$ cat query.tsv   # TSV, C-alpha atoms and all ligand atoms
chain	number	residue	atom	x	y	z
A	6	MET	CA	-28.53	-17.21	-6.21
A	7	ASN	CA	-26.21	-15.29	-8.46
A	8	TRP	CA	-26.12	-11.92	-6.89
A	9	LEU	CA	-24.07	-10.36	-9.64
A	10	LYS	CA	-26.79	-10.95	-12.20
A	11	LEU	CA	-29.24	-8.69	-10.34
A	12	ASP	CA	-29.27	-5.19	-11.66
A	13	ARG	CA	-28.82	-2.27	-9.33
A	14	ARG	CA	-32.35	-1.01	-9.53
A	15	SER	CA	-33.89	-4.28	-8.41
A	16	LEU	CA	-31.28	-4.43	-5.73
A	17	LEU	CA	-32.25	-1.00	-4.40
A	18	ARG	CA	-35.93	-1.86	-4.66
A	19	GLY	CA	-35.31	-5.04	-2.74
A	20	LEU	CA	-33.48	-3.15	-0.07
A	21	ALA	CA	-36.23	-0.59	0.29
A	22	VAL	CA	-38.76	-3.36	0.94
A	23	LEU	CA	-36.52	-5.76	2.77
A	24	PRO	CA	-33.85	-3.95	4.70
A	25	GLY	CA	-32.92	-7.20	6.43
A	26	MET	CA	-31.96	-9.02	3.27
A	27	GLY	CA	-28.37	-8.08	3.75
A	28	VAL	CA	-27.75	-11.62	4.92
A	29	LEU	CA	-28.06	-12.81	1.33
A	30	MET	CA	-25.44	-10.47	0.04
A	31	PRO	CA	-22.00	-11.63	-0.84
A	32	SER	CA	-19.81	-10.19	1.82
A	33	SER	CA	-17.69	-11.36	4.67
A	34	ALA	CA	-19.75	-12.28	7.70
A	35	SER	CA	-17.42	-10.22	9.86
A	36	ALA	CA	-18.07	-7.10	7.80
A	37	ALA	CA	-21.78	-7.52	8.39
A	38	ALA	CA	-21.23	-8.06	12.09
A	39	ARG	CA	-19.41	-4.77	12.45
A	40	LEU	CA	-22.62	-2.91	11.71
A	41	GLY	CA	-24.89	-2.21	14.63
A	42	GLY	CA	-26.85	0.56	16.30
A	43	GLY	CA	-28.73	1.40	13.11
A	44	ARG	CA	-25.61	2.56	11.29
A	45	ARG	CA	-25.93	2.64	7.51
A	46	ASN	CA	-23.93	0.39	5.24
A	47	VAL	CA	-23.82	2.73	2.27
A	48	ILE	CA	-21.72	0.40	0.12
A	49	ARG	CA	-24.47	-2.19	0.29
A	50	GLU	CA	-27.25	0.37	-0.03
A	51	LEU	CA	-25.71	1.39	-3.33
A	52	GLY	CA	-25.51	-2.20	-4.46
A	53	VAL	CA	-21.76	-2.19	-4.77
A	54	ARG	CA	-20.19	-5.63	-4.48
A	55	THR	CA	-18.25	-6.49	-1.32
A	56	PHE	CA	-15.91	-9.45	-0.93
A	57	ILE	CA	-13.38	-11.34	1.09
A	58	ASN	CA	-9.94	-10.02	0.18
A	59	ALA	CA	-7.59	-12.91	-0.59
A	60	ALA	CA	-5.86	-10.86	-3.28
A	61	GLY	CA	-3.74	-8.47	-1.23
A	62	THR	CA	-3.28	-4.75	-0.75
A	63	TYR	CA	-4.58	-3.55	-4.10
A	64	THR	CA	-5.81	0.04	-4.06
A	65	SER	CA	-8.55	-0.82	-6.57
A	66	LEU	CA	-9.85	-3.43	-4.11
A	67	THR	CA	-9.60	-0.93	-1.22
A	68	ALA	CA	-6.42	-2.69	-0.02
A	69	SER	CA	-6.77	-3.12	3.75
A	70	LEU	CA	-9.20	-2.76	6.63
A	71	ILE	CA	-8.38	-0.22	9.32
A	72	PRO	CA	-8.10	-1.86	12.77
A	73	ARG	CA	-10.80	-0.82	15.22
A	74	PRO	CA	-8.65	1.27	17.62
A	75	ALA	CA	-7.32	3.35	14.70
A	76	TRP	CA	-10.82	3.68	13.33
A	77	ASP	CA	-12.15	4.79	16.73
A	78	ALA	CA	-9.42	7.42	16.96
A	79	MET	CA	-10.48	8.74	13.54
A	80	THR	CA	-14.13	8.86	14.59
A	81	VAL	CA	-13.27	10.77	17.77
A	82	ALA	CA	-11.04	13.17	15.82
A	83	SER	CA	-13.84	13.75	13.35
A	84	THR	CA	-16.01	15.28	16.09
A	85	THR	CA	-13.57	18.03	17.13
A	86	PHE	CA	-11.77	20.99	15.57
A	87	CYS	CA	-8.06	21.62	16.08
A	88	PRO	CA	-5.29	23.70	14.49
A	89	LEU	CA	-4.22	21.43	11.64
A	90	GLN	CA	-0.57	22.50	11.52
A	91	GLU	CA	-0.15	21.88	15.24
A	92	LEU	CA	-1.58	18.39	14.84
A	93	HIS	CA	0.70	17.85	11.81
A	94	ASP	CA	3.70	18.85	13.99
A	95	ALA	CA	2.68	16.66	16.91
A	96	VAL	CA	1.81	13.57	14.87
A	97	GLY	CA	4.98	14.00	12.80
A	98	LYS	CA	7.11	14.23	15.93
A	99	ARG	CA	5.59	11.08	17.40
A	100	ILE	CA	5.94	9.15	14.12
A	101	ALA	CA	9.55	10.29	13.83
A	102	GLU	CA	10.24	8.79	17.27
A	103	LEU	CA	8.45	5.56	16.42
A	104	THR	CA	10.37	5.17	13.16
A	105	LYS	CA	13.75	6.38	14.50
A	106	SER	CA	13.75	9.16	11.90
A	107	GLU	CA	14.85	12.74	12.26
A	108	ALA	CA	11.41	13.91	11.11
A	109	ALA	CA	8.21	12.58	9.55
A	110	LEU	CA	4.97	13.64	7.99
A	111	VAL	CA	1.68	11.98	7.13
A	112	SER	CA	0.91	12.31	3.43
A	113	ALA	CA	-2.12	11.39	1.35
A	114	GLY	CA	-0.72	7.96	0.42
A	115	ALA	CA	2.78	6.98	-0.65
A	116	ALA	CA	2.27	8.51	-4.09
A	117	SER	CA	1.61	11.87	-2.47
A	118	ALA	CA	4.74	11.45	-0.33
A	119	LEU	CA	6.75	10.90	-3.53
A	120	ALA	CA	5.41	14.13	-5.02
A	121	ILE	CA	5.66	16.42	-2.03
A	122	GLY	CA	8.99	14.93	-0.97
A	123	THR	CA	10.39	15.71	-4.42
A	124	ALA	CA	8.79	19.17	-4.42
A	125	GLY	CA	10.47	19.83	-1.08
A	126	VAL	CA	13.86	18.82	-2.46
A	127	VAL	CA	13.42	20.92	-5.62
A	128	ALA	CA	11.79	24.09	-4.27
A	129	GLY	CA	12.90	23.87	-0.65
A	130	THR	CA	11.24	26.43	1.59
A	131	ASP	CA	11.52	29.31	-0.90
A	132	ARG	CA	8.01	30.71	-1.28
A	133	ASP	CA	8.48	31.92	-4.83
A	134	LYS	CA	9.83	28.56	-5.95
A	135	ILE	CA	7.02	26.73	-4.14
A	136	ARG	CA	4.51	28.86	-6.04
A	137	GLN	CA	6.33	28.30	-9.33
A	138	LEU	CA	6.22	24.46	-9.27
A	139	PRO	CA	5.78	22.34	-11.35
A	140	ASP	CA	7.65	24.87	-13.51
A	141	THR	CA	11.21	24.19	-12.41
A	142	ARG	CA	13.01	26.92	-14.39
A	143	GLY	CA	15.92	28.22	-12.35
A	144	MET	CA	15.91	25.20	-10.04
A	145	LYS	CA	17.84	21.93	-9.95
A	146	ASN	CA	15.41	19.67	-11.74
A	147	GLU	CA	17.02	16.38	-12.68
A	148	VAL	CA	16.42	13.16	-10.78
A	149	ILE	CA	18.80	10.27	-11.39
A	150	VAL	CA	17.29	6.79	-11.39
A	151	GLN	CA	18.40	3.32	-12.44
A	152	LYS	CA	16.67	2.32	-15.67
A	153	SER	CA	15.25	-0.83	-14.03
A	154	HIS	CA	13.72	1.28	-11.25
A	155	ARG	CA	11.38	3.22	-13.53
A	156	ASN	CA	7.79	2.37	-12.61
A	157	GLY	CA	4.28	3.74	-12.85
A	158	TYR	CA	4.41	5.38	-9.44
A	159	ASP	CA	7.36	7.55	-10.42
A	160	HIS	CA	4.76	9.67	-12.19
A	161	ALA	CA	4.31	11.16	-8.71
A	162	VAL	CA	8.00	12.15	-8.64
A	163	ARG	CA	7.66	13.65	-12.12
A	164	ASN	CA	4.64	15.66	-10.90
A	165	ALA	CA	7.13	17.99	-9.23
A	166	GLY	CA	8.31	19.10	-12.69
A	167	ILE	CA	11.54	17.14	-12.74
A	168	ARG	CA	13.16	15.14	-15.51
A	169	MET	CA	14.23	11.53	-14.94
A	170	ILE	CA	17.82	10.77	-15.95
A	171	GLU	CA	18.28	7.02	-16.43
A	172	VAL	CA	21.54	5.25	-15.66
A	173	GLU	CA	22.61	1.63	-15.27
A	174	THR	CA	26.04	1.41	-13.64
A	175	ALA	CA	27.51	3.20	-10.64
A	176	ALA	CA	30.05	4.83	-12.95
A	177	GLU	CA	27.26	6.12	-15.18
A	178	LEU	CA	25.44	7.43	-12.14
A	179	GLU	CA	28.47	9.31	-10.86
A	180	SER	CA	29.15	10.92	-14.20
A	181	ALA	CA	25.46	11.89	-14.56
A	182	ILE	CA	25.66	14.05	-11.44
A	183	HIS	CA	26.12	17.75	-12.23
A	184	SER	CA	24.88	21.20	-11.28
A	185	ARG	CA	21.25	20.48	-12.25
A	186	THR	CA	20.99	17.25	-10.28
A	187	ALA	CA	18.25	17.65	-7.66
A	188	MET	CA	17.89	14.13	-6.30
A	189	MET	CA	18.58	10.40	-6.72
A	190	PHE	CA	15.58	8.07	-6.65
A	191	PHE	CA	15.48	4.36	-5.69
A	192	LEU	CA	12.64	1.83	-5.91
A	193	TYR	CA	13.19	-0.79	-3.22
A	194	ALA	CA	10.97	-3.33	-5.02
A	195	ALA	CA	13.62	-3.25	-7.78
A	196	ASN	CA	16.57	-3.71	-5.40
A	197	ASN	CA	17.50	-6.99	-7.14
A	198	ARG	CA	16.94	-5.67	-10.64
A	199	GLY	CA	19.50	-2.90	-10.90
A	200	GLN	CA	23.28	-2.96	-10.71
A	201	ILE	CA	23.36	-0.66	-7.69
A	202	GLY	CA	21.88	-1.96	-4.41
A	203	TYR	CA	20.14	0.33	-1.93
A	204	GLU	CA	23.09	0.69	0.46
A	205	GLU	CA	25.58	1.61	-2.24
A	206	PHE	CA	23.01	3.98	-3.75
A	207	ALA	CA	22.61	5.86	-0.46
A	208	LYS	CA	26.39	6.05	-0.08
A	209	LEU	CA	26.79	7.48	-3.58
A	210	GLY	CA	24.26	10.16	-2.68
A	211	LYS	CA	26.22	11.06	0.42
A	212	LYS	CA	29.51	11.05	-1.47
A	213	HIS	CA	28.20	13.57	-4.00
A	214	ASN	CA	26.01	15.48	-1.56
A	215	VAL	CA	22.84	14.71	-3.55
A	216	PRO	CA	19.61	14.00	-1.61
A	217	THR	CA	18.36	10.42	-2.00
A	218	MET	CA	14.78	9.16	-1.86
A	219	ILE	CA	13.59	5.56	-1.60
A	220	ASP	CA	10.10	4.31	-2.40
A	221	ALA	CA	9.45	1.31	-0.14
A	222	ALA	CA	5.66	1.69	-0.23
A	223	ALA	CA	4.83	-2.03	-0.14
A	224	ASP	CA	7.73	-3.23	2.00
A	225	LEU	CA	6.22	-3.48	5.46
A	226	PRO	CA	6.60	-5.97	7.08
A	227	PRO	CA	9.37	-6.45	8.08
A	228	VAL	CA	8.89	-3.70	10.66
A	229	GLU	CA	12.64	-2.95	10.66
A	230	ASN	CA	12.27	-1.47	7.18
A	231	LEU	CA	10.73	1.58	8.88
A	232	TRP	CA	14.23	2.62	9.96
A	233	LYS	CA	16.49	0.53	7.73
A	234	PHE	CA	16.63	3.00	4.86
A	235	THR	CA	17.18	6.22	6.78
A	236	GLN	CA	19.85	4.37	8.79
A	237	ALA	CA	21.46	3.30	5.52
A	238	GLY	CA	21.74	6.98	4.62
A	239	PHE	CA	18.64	7.75	2.55
A	240	ASP	CA	17.48	11.31	3.09
A	241	LEU	CA	13.84	10.42	2.47
A	242	ALA	CA	11.99	7.10	2.82
A	243	ILE	CA	8.42	6.52	1.73
A	244	PHE	CA	5.82	4.00	2.87
A	245	SER	CA	2.19	3.44	2.08
A	246	GLY	CA	-0.10	3.93	5.07
A	247	GLY	CA	-2.82	1.58	3.93
A	248	LYS	CA	-0.85	-1.51	2.91
A	249	GLY	CA	0.97	-3.55	5.55
A	250	ILE	CA	0.39	-0.97	8.30
A	251	LYS	CA	-3.38	-1.09	7.66
A	252	GLY	CA	-3.73	2.61	8.30
A	253	PRO	CA	-6.11	4.78	6.27
A	254	GLN	CA	-5.92	4.04	2.54
A	255	SER	CA	-5.52	7.75	1.90
A	256	ALA	CA	-2.45	8.04	4.13
A	257	GLY	CA	1.26	7.50	3.68
A	258	LEU	CA	4.53	8.25	5.43
A	259	LEU	CA	7.40	10.49	4.41
A	260	LEU	CA	10.32	9.95	6.77
A	261	GLY	CA	13.78	11.45	6.89
A	262	ARG	CA	15.84	14.61	7.10
A	263	LYS	CA	14.30	17.40	9.11
A	264	ASP	CA	14.93	20.20	6.60
A	265	LEU	CA	13.49	18.13	3.74
A	266	ILE	CA	10.40	17.11	5.70
A	267	GLU	CA	9.84	20.75	6.58
A	268	ALA	CA	10.21	21.69	2.91
A	269	GLY	CA	7.79	18.89	1.98
A	270	ARG	CA	5.29	20.29	4.47
A	271	MET	CA	5.59	23.76	2.94
A	272	ASN	CA	5.00	22.30	-0.51
A	273	SER	CA	1.72	20.69	0.56
A	274	SER	CA	-1.70	21.18	2.03
A	275	PRO	CA	-2.95	23.28	3.78
A	276	ASN	CA	-0.74	25.81	1.94
A	277	SER	CA	-3.07	26.90	-0.85
A	278	ASP	CA	-0.51	27.92	-3.45
A	279	SER	CA	1.52	24.71	-3.43
A	280	LEU	CA	1.95	21.63	-5.57
A	281	GLY	CA	0.81	19.33	-2.77
A	282	ARG	CA	-2.42	21.18	-2.06
A	283	ILE	CA	-4.15	18.58	-4.26
A	284	SER	CA	-3.35	15.81	-1.78
A	285	LYS	CA	-4.97	17.09	1.39
A	286	VAL	CA	-4.53	15.27	4.67
A	287	ASN	CA	-6.95	16.03	7.49
A	288	LYS	CA	-6.92	15.17	11.17
A	289	GLU	CA	-8.67	11.83	10.69
A	290	GLU	CA	-5.94	10.43	8.45
A	291	MET	CA	-3.24	11.82	10.73
A	292	VAL	CA	-4.52	10.22	13.92
A	293	GLY	CA	-5.61	7.03	12.14
A	294	MET	CA	-2.15	6.71	10.61
A	295	LEU	CA	-0.46	7.24	13.96
A	296	VAL	CA	-2.58	4.69	15.84
A	297	ALA	CA	-2.31	2.09	13.06
A	298	LEU	CA	1.46	2.59	12.99
A	299	GLU	CA	1.69	2.14	16.78
A	300	MET	CA	-0.33	-1.05	16.50
A	301	PHE	CA	1.81	-2.30	13.64
A	302	ILE	CA	5.09	-1.65	15.45
A	303	ASN	CA	3.94	-3.03	18.80
A	304	ARG	CA	2.28	-6.21	17.61
A	305	ASP	CA	3.75	-9.66	18.16
A	306	HIS	CA	5.32	-10.00	14.73
A	307	LYS	CA	6.26	-13.66	15.18
A	308	ALA	CA	2.75	-14.60	16.24
A	309	VAL	CA	1.21	-12.70	13.33
A	310	TRP	CA	3.60	-14.44	10.92
A	311	LYS	CA	2.71	-17.86	12.40
A	312	ASP	CA	-0.97	-17.00	12.02
A	313	TRP	CA	-0.44	-16.19	8.32
A	314	GLU	CA	1.33	-19.53	7.81
A	315	ASN	CA	-1.49	-21.32	9.62
A	316	ARG	CA	-4.02	-19.65	7.36
A	317	CYS	CA	-2.08	-20.82	4.28
A	318	ASN	CA	-1.90	-24.36	5.63
A	319	ARG	CA	-5.60	-24.43	6.49
A	320	ILE	CA	-6.59	-23.25	3.01
A	321	ALA	CA	-4.21	-25.81	1.46
A	322	SER	CA	-5.73	-28.60	3.55
A	323	TYR	CA	-9.15	-27.97	1.98
A	324	THR	CA	-7.77	-28.59	-1.50
A	325	ARG	CA	-6.56	-32.16	-0.85
A	326	GLY	CA	-7.99	-34.56	-3.41
A	327	VAL	CA	-8.04	-32.06	-6.28
A	328	LYS	CA	-6.43	-33.58	-9.39
A	329	GLY	CA	-2.76	-32.71	-9.60
A	330	ILE	CA	-2.98	-30.24	-6.71
A	331	LYS	CA	0.24	-28.66	-5.52
A	332	THR	CA	0.34	-26.01	-2.87
A	333	GLU	CA	3.31	-24.12	-1.58
A	334	ILE	CA	3.83	-21.23	0.81
A	335	LYS	CA	6.06	-18.56	-0.69
A	336	VAL	CA	7.32	-15.26	0.69
A	337	PRO	CA	8.26	-12.62	-1.88
A	338	GLU	CA	11.74	-11.31	-1.16
A	339	LEU	CA	10.69	-7.76	-1.99
A	340	SER	CA	7.26	-6.10	-1.87
A	341	ASN	CA	4.42	-7.72	0.10
A	342	GLY	CA	7.00	-9.91	1.87
A	343	VAL	CA	4.54	-12.12	3.73
A	344	PRO	CA	3.43	-15.77	3.34
A	345	HIS	CA	1.26	-16.36	0.26
A	346	LEU	CA	-0.28	-19.68	-0.76
A	347	HIS	CA	0.56	-20.64	-4.34
A	348	VAL	CA	-1.93	-23.16	-5.74
A	349	ASN	CA	-1.25	-25.25	-8.86
A	350	TRP	CA	-3.36	-28.05	-10.30
A	351	ASP	CA	-3.84	-30.10	-13.45
A	352	HIS	CA	-5.78	-27.56	-15.52
A	353	GLU	CA	-6.98	-30.15	-18.04
A	354	ALA	CA	-8.11	-32.77	-15.52
A	355	VAL	CA	-9.89	-30.15	-13.41
A	356	GLY	CA	-11.18	-28.39	-16.53
A	357	LYS	CA	-10.47	-24.91	-15.16
A	358	THR	CA	-7.63	-22.43	-15.45
A	359	PRO	CA	-6.62	-20.14	-12.57
A	360	LYS	CA	-8.46	-17.33	-14.35
A	361	ASP	CA	-11.67	-19.43	-14.45
A	362	VAL	CA	-11.33	-20.24	-10.76
A	363	ALA	CA	-10.72	-16.61	-9.82
A	364	LYS	CA	-13.84	-15.61	-11.76
A	365	GLU	CA	-15.98	-18.27	-10.05
A	366	LEU	CA	-14.70	-17.23	-6.63
A	367	ARG	CA	-15.45	-13.60	-7.42
A	368	GLU	CA	-18.98	-14.36	-8.54
A	369	GLY	CA	-19.77	-16.82	-5.76
A	370	ASN	CA	-21.41	-16.16	-2.44
A	371	PRO	CA	-19.57	-14.87	-0.53
A	372	GLY	CA	-17.50	-13.22	-3.24
A	373	ILE	CA	-13.77	-13.78	-2.91
A	374	GLU	CA	-11.01	-11.90	-4.71
A	375	VAL	CA	-7.82	-13.78	-5.55
A	376	ARG	CA	-5.14	-13.01	-8.10
A	377	PRO	CA	-4.49	-15.53	-10.88
A	378	ARG	CA	-0.90	-15.39	-12.08
A	379	ALA	CA	0.31	-15.47	-15.63
A	380	GLU	CA	2.49	-18.46	-14.72
A	381	GLY	CA	-0.66	-20.58	-14.52
A	382	GLU	CA	-1.14	-20.61	-10.79
A	383	LEU	CA	-3.43	-19.01	-8.28
A	384	VAL	CA	-1.94	-16.94	-5.50
A	385	VAL	CA	-3.90	-16.59	-2.28
A	386	ALA	CA	-2.91	-13.68	-0.07
A	387	VAL	CA	-3.91	-14.36	3.52
A	388	TRP	CA	-2.71	-11.22	5.31
A	389	MET	CA	-5.76	-9.09	4.54
A	390	LEU	CA	-8.24	-11.79	5.60
A	391	GLU	CA	-10.34	-11.18	8.69
A	392	PRO	CA	-10.20	-13.91	11.34
A	393	GLY	CA	-12.08	-17.03	10.21
A	394	GLU	CA	-12.20	-16.06	6.56
A	395	ASP	CA	-9.37	-18.47	5.68
A	396	ARG	CA	-11.80	-21.36	6.23
A	397	ILE	CA	-14.37	-19.77	3.91
A	398	VAL	CA	-11.68	-19.26	1.27
A	399	GLY	CA	-10.47	-22.87	1.65
A	400	ARG	CA	-13.97	-24.30	1.42
A	401	ARG	CA	-14.94	-22.23	-1.62
A	402	LEU	CA	-11.65	-22.92	-3.38
A	403	SER	CA	-12.06	-26.67	-2.92
A	404	GLN	CA	-15.72	-26.51	-4.08
A	405	VAL	CA	-14.76	-24.64	-7.23
A	406	LEU	CA	-11.83	-26.92	-8.01
A	407	LYS	CA	-13.84	-30.08	-7.38
A	408	SER	CA	-17.05	-29.15	-9.19
B	501	LIG	C1	1.44	0.98	-3.65
B	501	LIG	C2	2.66	1.68	-4.09
B	501	LIG	C3	2.70	3.08	-4.17
B	501	LIG	C4	1.49	3.94	-3.91
B	501	LIG	O1	1.05	3.85	-2.59
B	501	LIG	P1	-0.27	4.64	-2.13
B	501	LIG	O2	-0.19	4.65	-0.64
B	501	LIG	O3	-1.42	3.85	-2.65
B	501	LIG	O4	-0.22	5.99	-2.72
B	501	LIG	C5	3.88	3.68	-4.56
B	501	LIG	N1	4.97	2.95	-4.84
B	501	LIG	C6	4.98	1.60	-4.77
B	501	LIG	C7	6.22	0.86	-5.09
B	501	LIG	C8	3.82	0.91	-4.39
B	501	LIG	O5	3.82	-0.42	-4.31

$ encode --input "query.tsv" --output "structure tokens"
Amino acid sequence: MNWLKLDRRSLLRGLAVLPGMGVLMPSSASAAARLGGGRRNVIRELGVRTFINAAGTYTSLTASLIPRPAWDAMTVASTTFCPLQELHDAVGKRIAELTKSEAALVSAGAASALAIGTAGVVAGTDRDKIRQLPDTRGMKNEVIVQKSHRNGYDHAVRNAGIRMIEVETAAELESAIHSRTAMMFFLYAANNRGQIGYEEFAKLGKKHNVPTMIDAAADLPPVENLWKFTQAGFDLAIFSGGKGIKGPQSAGLLLGRKDLIEAGRMNSSPNSDSLGRISKVNKEEMVGMLVALEMFINRDHKAVWKDWENRCNRIASYTRGVKGIKTEIKVPELSNGVPHLHVNWDHEAVGKTPKDVAKELREGNPGIEVRPRAEGELVVAVWMLEPGEDRIVGRRLSQVLKS
């Protein structure tokens, strides 16, 4: 049965008559098992495709699944009222301790942390300036960045009304600093691409008394990164809440200097007349972020790593016998630094390119998302799989490659 060929209306009709037909739908068995007690699965009711995530923490694929204890904390929080700013204070204080930072706040994703962190640096705690943003007239409004560190997410930094000043060498950076310099920005994923590494960058900021911010959104694990950057001298460090930490997708972390975190808070929700009011964080995200972070920090990192390697090896073992098959476990040095299975085969002998295989996996039952690479290989991310799903991925991959 090709589920994807059914149109939505017939799907809804089918559901109305046969509420139990969920078993036919392409989805992970574990996702189905989580439903009980008559709770509605609205995603399925609406006929929206679900799948096993062997692609990784892509926002457009909903990235990660929140672990049950964090989810339970969010559900409990959702049934009570509390003063939001007091919860913000308390959660921030606890997260600061956990991450060995001076201060911390939960933002609406890493992108939001980039924007409100920058707003805090530019406008500070001055109410008139906070109201004036993103108009930065009369404020320091230049952010220095290495050319190779420009990226789509720095749109969030620019949201605060600043202008990016691109440099390449340390000498260029030092001579670019002047009275209008508000901040220096670093993208950790580009640490190997620029001439200035993260440690030297932080030192240059200190030397010239310019606040530094680092975007390390996708660089957990390793867990030590939570404190590595502030310890290296960055004034602000940013992480995504819903990638490696598996917290709420709509949460992120802004860690660092107390005065700048406070300024970031003032430039954001719930303060109505602020730049960050558009990225609201409520109690559910705050407590979910905290519990997920505790779980992330306290887990047995070696055992989890071993489990990821085992998953890769199991999936690889299913593909034995495919013409020209080559599998290799690789760990990206920066960004998503966890074991991934790279799969190569003889495209002509098998008669399928990685793109073809990814499409077949997506449209199969259960649906599986993987990312084909331009280099002609398929990359299987195992860290967002639920227990047992590696075997399903291995079996389906071998079926598609052998058929
Ligand atoms: C994913 C990512 C972001 C955005 O993170 P969200 O939590 O989805 O807002 C920002 N910067 C980098 C480098 C990222 O990889």

$ closest_residue --input "query.tsv" --among "A:Asp224, A:Glu147, A:Glu353, A:Glu374" --to "ligand LIG 501 (chain B)" --atoms "all atoms listed in the file"
A:Asp224

$ atom_distance --input "query.tsv" --atom1 "CA of Val148 in chain A" --atom2 "CA of Met291 in chain A"
29.2 Å

$ residues_near_ligand --input "query.tsv" --ligand "ligand LIG 501 (chain B)" --cutoff "9 Å" --atoms "all atoms listed in the file" --output "compact mmCIF listing (two decimals) with C-alpha atoms, in the coordinates of the input"
# COMPACT_ATOMS: atom_id res chain seq x y z
CA THR A 62 -3.28 -4.75 -0.75
CA TYR A 63 -4.58 -3.55 -4.10
CA THR A 64 -5.81 0.04 -4.06
CA ALA A 68 -6.42 -2.69 -0.02
CA SER A 112 0.91 12.31 3.43
CA ALA A 113 -2.12 11.39 1.35
CA GLY A 114 -0.72 7.96 0.42
CA ALA A 115 2.78 6.98 -0.65
CA ALA A 116 2.27 8.51 -4.09
CA SER A 117 1.61 11.87 -2.47
CA ALA A 118 4.74 11.45 -0.33
CA LEU A 119 6.75 10.90 -3.53
CA ASN A 156 7.79 2.37 -12.61
CA GLY A 157 4.28 3.74 -12.85
CA TYR A 158 4.41 5.38 -9.44
CA ASP A 159 7.36 7.55 -10.42
CA ALA A 161 4.31 11.16 -8.71
CA LEU A 192 12.64 1.83 -5.91
CA TYR A 193 13.19 -0.79 -3.22
CA ALA A 194 10.97 -3.33 -5.02
CA ALA A 195 13.62 -3.25 -7.78
CA ASP A 220 10.10 4.31 -2.40
CA ALA A 221 9.45 1.31 -0.14
CA ALA A 222 5.66 1.69 -0.23
CA ALA A 223 4.83 -2.03 -0.14
CA ASP A 224 7.73 -3.23 2.00
CA ILE A 243 8.42 6.52 1.73
CA PHE A 244 5.82 4.00 2.87
CA SER A 245 2.19 3.44 2.08
CA GLY A 246 -0.10 3.93 5.07
CA GLY A 247 -2.82 1.58 3.93
CA LYS A 248 -0.85 -1.51 2.91
CA GLN A 254 -5.92 4.04 2.54
CA SER A 255 -5.52 7.75 1.90
CA ALA A 256 -2.45 8.04 4.13
CA GLY A 257 1.26 7.50 3.68
CA LEU A 258 4.53 8.25 5.43
CA SER A 340 7.26 -6.10 -1.87
CA ASN A 341 4.42 -7.72 0.10

$ residues_around --input "query.tsv" --residues "Ile135 in chain A" --least-positions-apart "5" --cutoff "10 Å" --atoms "all atoms listed in the file" --output "JSON, numbers by chain"
{"A": [124, 125, 127, 128, 129, 130, 140, 141, 268, 269, 271, 272, 273, 276, 278, 279, 280, 281]}

$ residues_near_point --input "query.tsv" --point "(-3.6, 7.1, 12.4)" --cutoff "8 Å" --atoms "all atoms listed in the file" --output "JSON, numbers by chain"
{"A": [75, 78, 79, 252, 253, 289, 290, 291, 292, 293, 294, 295, 296, 297, 298]}

$ closest_residue --input "query.tsv" --among "A:Lys285, A:Lys251, A:Arg49, A:His352" --to "His93 in chain A" --atoms "all atoms listed in the file"
A:Lys285

$ atom_distance --input "query.tsv" --atom1 "CA of Pro359 in chain A" --atom2 "CA of Ala379 in chain A"
8.9 Å

$ atom_distance --input "query.tsv" --atom1 "CA of Thr67 in chain A" --atom2 "CA of Thr80 in chain A"
19.1 Å

$ residues_around --input "query.tsv" --residues "Thr235 in chain A" --least-positions-apart "4" --cutoff "12 Å" --atoms "only C-alpha atoms" --output "ChimeraX atom specification"
/A:101,104-109,203-204,207-208,216-221,229-231,239-243,259-263

$ closest_residue --input "query.tsv" --among "A:Arg198, A:His306, A:Arg99, A:Lys152" --to "Leu178 in chain A" --atoms "all atoms listed in the file"
A:Lys152

$ closest_residue --input "query.tsv" --among "A:Gly342, A:Pro392, A:Gly249, A:Gly238" --to "Asp312 in chain A" --atoms "all atoms listed in the file"
A:Pro392

$ residues_around --input "query.tsv" --residues "Thr324 in chain A" --least-positions-apart "4" --cutoff "9 Å" --atoms "all atoms listed in the file" --output "VMD selection string"
chain A and resid 320 330 to 332 399 to 400 402 to 404 406 to 407

$ closest_residue --input "query.tsv" --among "A:Leu225, A:Ala354, A:Ala181, A:Val81" --to "Phe301 in chain A" --atoms "all atoms listed in the file"
A:Leu225

$ residues_around --input "query.tsv" --residues "Glu365 in chain A" --least-positions-apart "2" --cutoff "12 Å" --atoms "only C-alpha atoms" --output "list in words"
Asn7, Leu9, Lys357, Thr358, Pro359, Lys360, Asp361, Val362, Ala363, Arg367, Glu368, Gly369, Asn370, Pro371, Gly372, Ile373, Glu374, Val375, Pro377, Arg401, Leu402, Ser403, Gln404, Val405, Leu406 and Ser408 of chain A

$ closest_residue --input "query.tsv" --among "A:Lys311, A:Arg396, A:Arg376, A:Arg132" --to "Ala60 in chain A" --atoms "all atoms listed in the file"
A:Arg376
